[in-house]
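Visitor: I'd like to ask you about the structure that follows.
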Amino acid sequence: MLTHWDTNLLELIIQTIFYLHLNDAESGEGGVPSNNLQQHGTGVHVSSISSDFNQGTIEVTGLDLDVAIQGEALPNAGGFFQVVDPNTEEVYFTRAGAFEATNQGLLVTRDQYRYQLQGINGGLQVSLEEGETLLARRIEEDGRINLVVSKEDANGGTEDIIRNVGQISIVNFQSPQYLRRAGNGFFSNGSPGENLAGAVDNPIPASGSNGKLKQYSLELSNVDLTNQFASMISHQRSFQAGSRVVTTSDSILQEAINLKR
């Protein structure tokens, strides 16, 4: 079972290979057209592989650092989270919003590579200040991260306060098909200094073409296994029918050769 957006639909674009012309149409005697056109196809091949960035189903998980981008009909379903490899400083983009907080308060991806989630002003931290007790973490639709904490007041009692610790940024692209696949649901926009997919200069969620954030939720893969299995069976039956035509044609030609003998 896919628990987060780690797989998106791939579409193969098939096109025919150039035809082989053996004879062109000519005009016969007296201007009468002669249909001597002979041309044969040389097969088909994969022209390109296109990624489908439509939004998948959003599932509620109940974990406060699980965040889904709710873009629906927006371009590229509302954009991507931006994460950075702390060892190589490589930048990646993903819609898999399963995050966790380290002992230092850094927000990182929940996998073995532990990429750091980026905000408007760089890496995000949700660490507590001295004397604070964490009550809740709230992520708003526009990406603002607020900590609900309890701390001692001037009278020796306690008070609950809401403190903003940063804002999650979203990156959207004009041409997401040019993103490079890095694996595990991560994409790259090229080498440092490159901008292959044309990043849009608007990092604020829930504004412009960016989707809003939904806390306590994860986006599932947009691959519908039922439809894909049905499509695979249909293509398999088509291939079998084509093979049967070739076999029948071969049998007819063999019979014709035997009659001549």
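Going by the structure tokens order, chains are called A, B, ..., each with residues numbered from 1, while ligands are numbered from 1 in the order shown.
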List as an MDAnalysis selection string the protein and nucleic acid residues near range 159-161 of chain A, meaning an atom at most 6 Å away when only C-alpha atoms are counted, but skip any in the same chain fewer than 6 places from it.

Guide: chainID A and resid 148:151

Visitor: Just want the 10 Å neighbourhood of Arg114 in chain A, counted on only C-alpha atoms, with same-chain residues fewer than 6 positions away dropped. Output as a count of residues only.

Guide: 9

Visitor: In terms of the shortest atom-to-atom distance over only C-alpha atoms, which of A:Gln70, A:Ser50, A:Gln55, A:Gln236 is closest to Ser217 in chain A?

Guide: A:Gln70

Visitor: For Glu152 in chain A, list every protein, DNA or RNA residue within 8 Å, evaluated using only C-alpha atoms, and leave out those in the same chain fewer than 6 positions away; present the list as a PyMOL selection string.

Guide: chain A and resi 131-132+158-159

Visitor: Those same residues, written as a PDB file, in the first residue's frame with C-alpha atoms?

Guide:
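This went into selection_35.pdb:
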ATOM      1  CA  GLY A 131      11.086  27.330  29.812  1.00  0.00           C
ATOM      2  CA  GLU A 132       8.547  26.423  27.125  1.00  0.00           C
ATOM      3  CA  THR A 158       1.689  29.544  33.404  1.00  0.00           C
ATOM      4  CA  GLU A 159       0.227  30.964  30.267  1.00  0.00           C
TER       5      GLU A 159
END

Visitor: Find the residue from A:Val126, A:Ala68, A:Leu179, A:Ala256 that sits nearest to Gly198 in chain A; use only C-alpha atoms when measuring.

Guide: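 For Gly198 in chain A, the nearest of the candidates is A:Leu179.
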
Visitor: In Å, with one decimal, what is the gap from CA of Ser243 in chain A to CA of Val46 in chain A?

Guide: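 Here the two named atoms are 20.2 Å from each other.
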
Visitor: Report, in Å to a single decimal, how far apart CA of Val91 in chain A and CA of Arg181 in chain A are.

Guide: 12.4 Å

Visitor: Separation of CA of Ser221 in chain A and CA of Phe81 in chain A, in Å?

Guide: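 We find that CA of Ser221 in chain A and CA of Phe81 in chain A lie 15.6 Å from each other.
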
Visitor: Identify all residues of range 42-257 of chain A in strand (DSSP E or B) (DSSP on the backbone) and supply them as a ChimeraX atom specification.

Guide: /A:44-52,58-60,66-70,80-84,91-94,98-101,106-109,116-119,122-123,125,133-139,144-152,158-168,170-171,173,180-183,186-188,199,212-215,217-219

Visitor: Find the residue from A:Ala197, A:Ala96, A:Pro192, A:Ala77 that sits nearest to Arg180 in chain A; use only C-alpha atoms when measuring.

Guide: A:Ala197

Visitor: Of the residues A:Asp111, A:Ile69, A:Phe173, A:Leu225, which is the one nearest to Pro205 in chain A, using only C-alpha atoms?

Guide: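 Closest to Pro205 in chain A of all the choices is A:Ile69.
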